[in-house]
$ cat coords-v1.txt   # compact mmCIF, C-alpha atoms
# COMPACT_ATOMS: atom_id res chain seq x y z
CA MET I 1 74.99 170.43 52.81
CA THR I 2 73.54 171.93 55.99
CA THR I 3 74.94 168.97 57.95
CA VAL I 4 78.46 169.90 56.86
CA PHE I 5 77.94 173.47 58.07
CA ARG I 6 76.52 172.30 61.38
CA ARG I 7 79.50 170.03 62.02
CA ALA I 8 81.92 172.78 61.04
CA TYR I 9 80.13 175.24 63.32
CA ALA I 10 80.16 172.73 66.23
CA GLY I 11 83.90 172.20 65.76
CA LEU I 12 84.49 175.94 65.59
CA ARG I 13 82.43 176.45 68.74
CA TRP I 14 84.61 173.99 70.72
CA LEU I 15 87.71 175.66 69.34
CA LEU I 16 86.45 179.05 70.59
CA VAL I 17 85.53 177.62 74.02
CA GLY I 18 88.98 176.02 74.33
CA THR I 19 90.68 179.29 73.38
CA ALA I 20 88.64 181.21 75.96
CA VAL I 21 89.52 178.71 78.71
CA ALA I 22 93.22 178.84 77.79
CA ALA I 23 93.17 182.66 77.85
CA ALA I 24 91.51 182.63 81.28
CA VAL I 25 94.13 180.23 82.68
CA VAL I 26 97.01 182.33 81.30
CA GLY I 27 95.46 185.54 82.65
CA LEU I 28 94.87 184.04 86.09
CA SER I 29 98.45 182.77 86.18
CA ALA I 30 99.76 186.25 85.35
CA VAL I 31 97.65 187.83 88.10
CA LEU I 32 98.74 185.29 90.72
CA SER I 33 102.37 185.73 89.68
CA ALA I 34 102.09 189.50 90.09
CA VAL I 35 100.57 189.12 93.54
CA ALA I 36 103.22 186.63 94.65
CA THR I 37 106.13 188.82 93.55
CA GLY I 38 104.77 192.11 94.84
CA GLY I 39 103.53 193.43 91.51
CA PRO I 40 104.96 196.25 89.43
CA ASP I 41 103.94 199.01 91.84
CA ASP I 42 104.53 197.17 95.14
CA HIS I 43 100.99 197.96 96.29
CA THR I 44 99.98 194.33 96.24
CA VAL I 45 100.57 191.80 98.97
CA ALA I 46 103.81 189.90 98.57
CA PHE I 47 104.60 186.58 100.16
CA ARG I 48 107.21 186.84 102.92
CA SER I 49 110.45 185.04 102.28
CA VAL I 50 111.22 182.26 104.70
CA ALA I 51 114.98 182.66 104.25
CA ALA I 52 115.20 184.53 107.56
CA ASP I 53 113.30 181.74 109.32
CA ARG I 54 115.80 179.17 108.06
CA SER I 55 118.49 180.85 110.16
CA LEU I 56 116.62 179.64 113.23
CA VAL I 57 117.25 176.04 112.24
CA ALA I 58 120.97 176.57 111.80
CA ASP I 59 123.34 176.25 114.73
CA THR I 60 123.44 179.49 116.72
CA GLY I 61 126.61 180.98 118.15
CA ILE I 62 125.43 180.59 121.73
CA SER I 63 123.34 177.88 123.33
CA ARG I 64 120.08 178.28 125.19
CA GLN I 65 121.84 177.93 128.55
CA GLN I 66 124.43 180.57 127.60
CA ALA I 67 121.59 182.93 126.65
CA ILE I 68 119.95 182.31 130.03
CA ASP I 69 123.24 183.03 131.81
CA LYS I 70 123.67 186.33 129.91
CA ALA I 71 120.07 187.36 130.66
CA LEU I 72 120.54 186.61 134.37
CA ALA I 73 123.71 188.71 134.34
CA ALA I 74 121.75 191.58 132.72
CA VAL I 75 118.95 191.36 135.33
CA PRO I 76 120.55 190.38 138.65
CA GLY I 77 118.26 188.36 140.90
CA GLY I 78 115.86 187.60 138.07
CA ARG I 79 114.15 184.27 137.47
CA VAL I 80 113.65 183.08 133.89
CA THR I 81 109.97 182.62 133.02
CA SER I 82 110.37 181.90 129.30
CA ILE I 83 112.95 181.78 126.51
CA GLN I 84 112.56 181.39 122.77
CA LEU I 85 114.65 181.66 119.63
CA ASP I 86 113.28 184.29 117.23
CA THR I 87 114.39 186.84 114.64
CA ASP I 88 114.64 190.60 115.04
CA ARG I 89 115.06 192.45 111.73
CA GLY I 90 116.54 189.35 110.12
CA VAL I 91 118.95 188.59 112.99
CA ALA I 92 118.53 185.43 115.09
CA VAL I 93 117.99 186.39 118.74
CA TRP I 94 117.15 184.73 122.02
CA GLU I 95 114.19 186.42 123.72
CA VAL I 96 114.31 185.82 127.47
CA GLU I 97 111.59 186.90 129.90
CA LEU I 98 112.62 187.29 133.55
CA THR I 99 110.85 188.26 136.76
CA THR I 100 112.67 189.88 139.70
CA PRO I 101 111.85 189.00 143.33
CA ALA I 102 109.93 192.31 143.50
CA GLY I 103 107.65 191.03 140.70
CA VAL I 104 109.03 193.30 137.96
CA GLU I 105 109.11 191.62 134.54
CA HIS I 106 111.98 192.21 132.10
CA ASP I 107 112.39 191.21 128.45
CA VAL I 108 116.01 190.62 127.44
CA THR I 109 117.00 190.20 123.78
CA ILE I 110 120.35 188.51 123.11
CA ASP I 111 122.05 188.16 119.73
CA ALA I 112 122.09 184.39 119.08
CA ASP I 113 125.34 184.57 117.10
CA SER I 114 127.52 186.91 119.15
CA GLY I 115 125.91 186.56 122.58
CA GLN I 116 125.70 190.34 122.93
CA VAL I 117 122.80 191.66 125.00
CA ARG I 118 120.83 193.82 122.54
CA THR I 119 118.04 195.14 124.78
CA VAL I 120 116.78 194.92 128.34
CA VAL I 121 113.21 196.17 128.55
CA ASP I 122 111.05 196.70 131.62
CA PRO I 123 107.56 196.70 130.00
CA ASP I 124 105.97 198.42 133.00

$ encode --input "coords-v1.txt" --output "structure tokens"
Amino acid sequence: MTTVFRRAYAGLRWLLVGTAVAAAVVGLSAVLSAVATGGPDDHTVAFRSVAADRSLVADTGISRQQAIDKALAAVPGGRVTSIQLDTDRGVAVWEVELTTPAGVEHDVTIDADSGQVRTVVDPD
């Protein structure tokens, strides 16, 4: 008779262990889901959406050469030292760095869709 109770207890023990493992997995999934979505109080770290980055892959309104031409028009006599396609507050922009013959560096930001010069900054 004691053998029957031992086998029943062993089976019950594995059932309890399995239930505990399942509860831990469900709890961990809930916690990771809350972190990934920002949580109910938005005090947790949320993953950044890459939707804005996908706009960089799409065809822009102006080409790289057109952005260079607009930057050179904004800073007469400048020489382009670098150019890159980036986003500024969700808007695709060309960021062009120029240096004048006097050695002054300028950062020019151009809207990649409209070609409008957004900013011309002399960091000095």

$ residues_around --input "coords-v1.txt" --residues "region 103-116 of chain I" --least-positions-apart "6" --cutoff "6 Å" --atoms "all atoms listed in the file" --output "list in words"
Thr60, Gly61, Ile62, Ala92, Val93, Trp94, Glu95, Val96, Glu97 and Asp122 of chain I

$ closest_residue --input "coords-v1.txt" --among "I:Ala102, I:Ala20, I:Leu12, I:Val117" --to "Gln66 (chain I)" --atoms "all atoms listed in the file"
I:Val117

$ atom_distance --input "coords-v1.txt" --atom1 "CA of Ala74 (chain I)" --atom2 "CA of Arg89 (chain I)"
22.0 Å

$ atom_distance --input "coords-v1.txt" --atom1 "CA of Pro76 (chain I)" --atom2 "CA of Thr119 (chain I)"
14.9 Å

$ atom_distance --input "coords-v1.txt" --atom1 "CA of Val80 (chain I)" --atom2 "CA of Val121 (chain I)"
14.1 Å

$ residues_around --input "coords-v1.txt" --residues "Gly78 (chain I)" --least-positions-apart "3" --cutoff "8 Å" --atoms "only C-alpha atoms" --output "ChimeraX atom specification"
/I:72,75,98-101
